[in-house]
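I have placed the structure first, in the form of structure tokens, so that the comments after it can refer back to it.
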Amino acid sequence: MNDREKRDFQGGLNAEIDAWLKGENTRRSFIKKFGLMTGLLATSSGILSPWAENALAQAAVDLADPASPLGKAQAAAMKASTEGPADGSAYRAVQAAKQFSGATLNMTYEAGLQALDPRNFSGPVWEQLTGIKSNVVELSNPDQYSKAVAEHIAGSGAYDVLDISPAWTPSLADGGVIAPLDDYIAKYMNQADLDDVHPLYKALPTYKGKIWGFFDDGDMFALYYRKDIFEDAKLKEAYQAKFSKALEPPKTWEDYAQVAQFITDNLAPNVYGAGHFRKAGSPGNQFDFLQQYRANGGVLFGDDMKAGLNSDAGMKTLTNMLAANAASIPGNNELDAVSLWAAFLQGKVAMIYSWPPTGRMAANYSQSAKAINFIPQSSIAGKVGYAVVPGNPEHATGYNKALSADSKNAEAAYLFMQWVTSPPVSLARVMLPYALRDPYRLSHFKSDLYGELFPSAKEYLINLNNSANVGLLDIIMPGAQDYFLSLDRMCTSVWAGTDPKAALETAAAEWDQTTDRLGVDQQKAFYAEFKKLPGASADNTVEKLGLAVKL
Amino acid sequence: MSAPATRFDTLSEWSDRHFKWLLVAPAVLLILALSVYPLLFSVWVLFVNYDFTVPGHGFVGLRNFTRVLADPVARWSLWVTVLLSTINVAIEFLLGLALALAMVKNFRGRGLIMSLLIIPLFISPVIVGQAWALLLQRPFGPTNYVLSQILGFEVTIGWLTQAPWNFIALVLADVWQWTPFMFVILLAGLTAIPPNLYEAAELDGVDGWRAFWWITLPQLGPMIMLAITFRILDAVRLFDTIFVMTGGGPGTNTYSSSFYLYTLGFTQFHLSEATAGAWMFLVITAILITFLVRRLLKAEPT
């Protein structure tokens, strides 16, 4: 070290020491602190990971009282998974999946109540049986589509099992996002289990001759009405006198509006005739319009793929819906599905049509679970009757379990899907009080255990089955989101006073734009595929095809 | 004689020379990764098909722009944005100024009232929207019942589903949340005005109104510009309360630009069109920002 270097070194040292004594940052202290922080960050993942994993991990298995119907169903599911029958889909899935012990499956679920089943029941039980962990990724409904596509484009392999709407199957299959299951089914499944699915739902995962998932949620609309009101002697007499016919659950949409208006006229403000979820963005508008429109003979698209909305059937549908709105609870057009449930459970509304949890909530069964205790207790338990929605009810969305084409654990993922949708396991799942998964297998509809869940559960199941016999499917083709959005905008603008004819014209124009955007020929081909499905139109229901299930 | 320089010495010398760049490198890399790359990516998306319902990313020229420009909902949403932003900010300014003038002098309980007044600022807009929706929504919200009791006849307003009441509801929620913002900034401005100006005015026999007009307003000018600029920048992004309270409805009646772009991108999955719309909206807001910031920089108390 020469003199100059020594001097610089000494000077630097003094500056360092002075700064240290003054508590100032120096380059050295900065580097030291930076190093410490970097080290801390590096080690923090090790410290935080177990904590984070613990926080996000599924809960321990949440089993019901073994003496309860649900407890018995859960025990039966466990027995079928561990003891057989040896050719059962549940048993075969578990046996085959043990080779993948230690793997983790990433599965998408709709955020909220839907995710409680894999977190509290099916996920932990599957891990107990096979050693395969599950990581539940909660997403909003639109994100269940968009994230799956985005991750596929990125090739991340982020998901193994996808919960998808049946309406998305063609797009996701053609886009290579999901994989066909036929080879796995041939290898592992007891094929009789496929025939156990109600005919309306059975074909939903099938597209271009291949099976792209397992149906997993019978989202069938049904009519729930107050038996005590419909059986009231004075009301019955007055209705007979006024309309020369019996007061009974309506079978046509004209009757529906008439009965609702009659009840409102006689019982409001204590009870109103009907209620609907008509809020903008709540899917009630699109589902209701589609079911009534097709029951009124409306066709979705003509032979040239021009929208058929702007038609007599469209006008009749909107006119009927307006009449029903007028007969409904004040604020009808501001209700979402949960508010409508609240109004019905509090006894303010005589008739609603909605998803199957309505029946379980009305019987106070759902509210036995803490997770769903934000729904008010039912004041109408024991007073609720079940009927098929006038004309043809909508199967409103539903869910398929699909296998991600990018899964790094495809076989294990498939086996989970087979197991979780197998008859005994799916029965235990649709019986969970907090479940939003609804019966869809014939064995569900016929289940004695389900029939014991609440006093009128058997009639409830029969009605769901009968509804599926005449049920209609949502549009299953690309652009479904756009078509649905146009319907929602059309309906809500009509509720706010827009002329129905003008609203139908606007919606039809939007539908045509969507079709043009996606390609008329391509959409025509998709529509042709859709029309083949049972439930695609009122002329093509399960019942009309001679496939109705009688219980 | 000094020892030959080792590789470590060379590295050390290089790091000494470029130390400042090494320090900022992580931040620069982060900005590049999180801001610049997405920005450049979005420029590419503008001219291709990037749509979750239409496979492929073929070049489409200006089609994404023309589709947005041709969409009547896009034009309507821009008008709704301008309308709501203007009304919201104007009311918030007037109320905020009135409150600030009322609170500028010390009085018993002033601290408590000020604390209560600024509470809405700390609440997430989604929660504000949900709270107002619960208050206004029929049949469970109490608003119509209370109004009926006060007015003596039955009030059946559809606050969230009927025009113009849905707009009034959105303005109510926004004004409730953001008036305190105006109030706080304007109060800070008022307390900074030298009291000797008012003393001198009083000696000259200037009355209260003229003192407000000739002293308070000019002195408060820069703060008014600041408050209005900040609020307008925020108000044009209006999304949360619309999403929660009206869902954009009825029809597309309460679509703001943000809500329209969200729907286009994340409900309909037309991402390239949503990106084109976002860029056009960015240009419009950039012009507005430039104008406001120039005025802000020029604003000096006279």
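Chain labels run A, B, ... following the order of the structure tokens; each chain numbers its residues from 1, and ligands are numbered from 1 in the order shown.
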
Please tabulate, as a tab-separated table, the residues of chain B that come within 6 Å of chain A, each with its closest pair of atoms and the distance in Å to one decimal, counting only C-alpha atoms and ordering rows by chain, then residue number upward.
```
residue	atom	partner	partner_atom	distance
B:Ser2	CA	A:Met1	CA	5.9
B:Arg138	CA	A:Gly331	CA	4.3
B:Pro139	CA	A:Gly331	CA	5.0
B:Gln162	CA	A:Ala496	CA	5.7
B:Gly247	CA	A:Ala280	CA	5.4
B:Gly249	CA	A:Ala280	CA	5.3
B:Pro250	CA	A:Thr492	CA	4.7
B:Gly251	CA	A:Arg489	CA	3.9
B:Gln268	CA	A:Asp482	CA	5.8
```

Skip range 500-502 of chain A itself and residues of its chain fewer than 3 positions away, then list as a PDB file with C-alpha atoms, in the first residue's frame all residues within 8 Å of it, counting only C-alpha atoms.
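Output saved as out_9.pdb:
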```
ATOM      1  CA  ASN A 310     -87.276 -10.190 -31.657  1.00  0.00           C
ATOM      2  CA  MET A 315     -92.800 -10.114 -26.697  1.00  0.00           C
ATOM      3  CA  LEU A 318     -91.353  -9.959 -21.617  1.00  0.00           C
ATOM      4  CA  THR A 319     -95.057  -9.141 -21.231  1.00  0.00           C
ATOM      5  CA  VAL A 494     -87.397  -3.171 -19.753  1.00  0.00           C
ATOM      6  CA  GLU A 505     -84.418  -5.312 -31.160  1.00  0.00           C
ATOM      7  CA  THR A 506     -81.327  -4.080 -29.319  1.00  0.00           C
TER       8      THR A 506
END
```

Which polymer residues have any atom within 12 Å of an atom of Phe344 in chain A, counting only C-alpha atoms, with same-chain residues fewer than 5 positions away left out, as an MDAnalysis selection string? chainID A and resid 223:226 270:277 328:329 332 335 337:339 349:354 358:359 361:363 375:381 383:384

File of the preceding selection, C-alpha atoms, as a compact mmCIF listing (two decimals), in the first residue's frame:
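Saved to again02.txt:
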```txt
# COMPACT_ATOMS: atom_id res chain seq x y z
CA LEU A 223 -91.07 -23.70 -7.99
CA TYR A 224 -91.30 -23.38 -4.21
CA TYR A 225 -94.64 -22.22 -2.87
CA ARG A 226 -96.46 -21.72 0.42
CA ASN A 270 -98.02 -9.24 4.84
CA VAL A 271 -97.39 -11.60 1.95
CA TYR A 272 -96.84 -10.89 -1.74
CA GLY A 273 -97.66 -13.31 -4.51
CA ALA A 274 -94.16 -13.76 -5.92
CA GLY A 275 -90.57 -12.56 -5.94
CA HIS A 276 -87.74 -12.84 -8.46
CA PHE A 277 -84.08 -12.00 -8.56
CA SER A 328 -94.40 -9.19 -6.82
CA ILE A 329 -92.92 -7.90 -3.62
CA ASN A 332 -88.58 -7.16 -6.82
CA LEU A 335 -83.34 -8.40 -5.49
CA ALA A 337 -80.73 -14.50 -5.30
CA VAL A 338 -79.80 -14.20 -1.60
CA SER A 339 -82.22 -11.30 -0.94
CA VAL A 349 -93.43 -14.13 -0.59
CA ALA A 350 -95.81 -16.95 -1.57
CA MET A 351 -93.94 -18.33 -4.62
CA ILE A 352 -90.38 -18.25 -5.88
CA TYR A 353 -88.48 -20.26 -8.42
CA SER A 354 -84.79 -20.67 -7.83
CA THR A 358 -84.09 -23.04 -1.70
CA GLY A 359 -85.81 -26.24 -0.55
CA MET A 361 -83.05 -23.56 3.37
CA ALA A 362 -86.85 -23.39 3.57
CA ALA A 363 -86.75 -26.56 5.68
CA ILE A 375 -79.16 -16.88 5.74
CA PRO A 376 -82.07 -16.14 8.08
CA GLN A 377 -83.85 -18.96 9.83
CA SER A 378 -86.85 -20.15 7.92
CA SER A 379 -90.21 -19.08 9.32
CA ILE A 380 -91.97 -21.28 6.75
CA ALA A 381 -90.44 -24.68 7.52
CA LYS A 383 -95.24 -25.04 4.92
CA VAL A 384 -93.42 -25.28 1.60
```

DSSP on the backbone: what in range 173-228 of chain A comes out helix (DSSP H, G or I), as a PyMOL selection string? chain A and resi 173-174+182-188+192-195+199-202+227-228

Quick one: contact table of range 460-518 of chain A to range 199-218 of chain A, 12 Å max, nearest atom pair and distance in Å to one decimal per residue, counting only C-alpha atoms, chain and number order, as JSON lines?
```
{"residue": "A:Leu461", "atom": "CA", "partner": "A:Gly218", "partner_atom": "CA", "distance": 11.3}
{"residue": "A:Leu464", "atom": "CA", "partner": "A:Gly218", "partner_atom": "CA", "distance": 8.7}
{"residue": "A:Asn465", "atom": "CA", "partner": "A:Gly218", "partner_atom": "CA", "distance": 9.7}
{"residue": "A:Asn466", "atom": "CA", "partner": "A:Leu200", "partner_atom": "CA", "distance": 10.9}
{"residue": "A:Ser467", "atom": "CA", "partner": "A:Leu200", "partner_atom": "CA", "distance": 10.0}
{"residue": "A:Ala468", "atom": "CA", "partner": "A:Leu200", "partner_atom": "CA", "distance": 6.2}
{"residue": "A:Asn469", "atom": "CA", "partner": "A:Leu200", "partner_atom": "CA", "distance": 7.0}
{"residue": "A:Val470", "atom": "CA", "partner": "A:Leu200", "partner_atom": "CA", "distance": 8.6}
{"residue": "A:Gly471", "atom": "CA", "partner": "A:Leu200", "partner_atom": "CA", "distance": 7.4}
{"residue": "A:Leu472", "atom": "CA", "partner": "A:Leu200", "partner_atom": "CA", "distance": 8.3}
{"residue": "A:Leu473", "atom": "CA", "partner": "A:Leu200", "partner_atom": "CA", "distance": 8.2}
{"residue": "A:Asp474", "atom": "CA", "partner": "A:Leu204", "partner_atom": "CA", "distance": 10.5}
{"residue": "A:Ile475", "atom": "CA", "partner": "A:Leu204", "partner_atom": "CA", "distance": 11.3}
{"residue": "A:Ile476", "atom": "CA", "partner": "A:Leu204", "partner_atom": "CA", "distance": 8.9}
{"residue": "A:Met477", "atom": "CA", "partner": "A:Tyr207", "partner_atom": "CA", "distance": 10.7}
```

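Omitting Leu297 in chain B and its sequence neighbours fewer than 5 positions away, and counting only C-alpha atoms, the residues within 12 Å are Gly221, Pro222, Met223, Met225, Leu226, Thr229, Ile289, Thr290, Phe291 and Leu292 of chain B.
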
Restricting the output to C-alpha atoms, write the selected residues as a short mmCIF file (atom, residue, chain, number, x, y, z; two decimals), in the first residue's frame.
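This went into out-v2.cif:
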```cif
data_model
loop_
_atom_site.label_atom_id
_atom_site.label_comp_id
_atom_site.auth_asym_id
_atom_site.auth_seq_id
_atom_site.Cartn_x
_atom_site.Cartn_y
_atom_site.Cartn_z
CA GLY B 221 -57.00 29.13 -4.90
CA PRO B 222 -54.01 26.74 -5.10
CA MET B 223 -55.52 24.44 -2.50
CA MET B 225 -57.10 23.51 -7.54
CA LEU B 226 -55.17 20.79 -5.74
CA THR B 229 -57.45 17.96 -9.40
CA ILE B 289 -54.60 15.69 -16.24
CA THR B 290 -52.29 17.89 -18.29
CA PHE B 291 -54.82 20.68 -18.27
CA LEU B 292 -55.45 20.41 -14.54
#
```

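Proximity of B:Ile91, B:Val36, B:Ala188, B:Val45 to His270 in chain B, computed with only C-alpha atoms, is greatest for B:Val45.
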
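Those residues of range 31-260 of chain B that DSSP, working from the backbone, places in strand (DSSP E or B) are Val48, Asp51, Val54 and Phe59 of chain B.
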
Using only C-alpha atoms, which protein or nucleic acid residues come within 9 Å of range 67-82 of chain B? Drop anything in the same chain fewer than 3 positions from it, and give the result as a ChimeraX atom specification. /B:62-64,85-87,235-238,252-261,273-274,276-277,281

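For the set B:Pro180, B:Leu95, B:Pro194, B:Pro38, the residue with the smallest atom-to-atom gap to Ile113 in chain B is B:Pro180, counting only C-alpha atoms.
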
Using only C-alpha atoms for the distances, tell me which of A:Gly451, A:Gly88, A:Pro423, A:Tyr434 is nearest to Leu116 in chain A. A:Tyr434
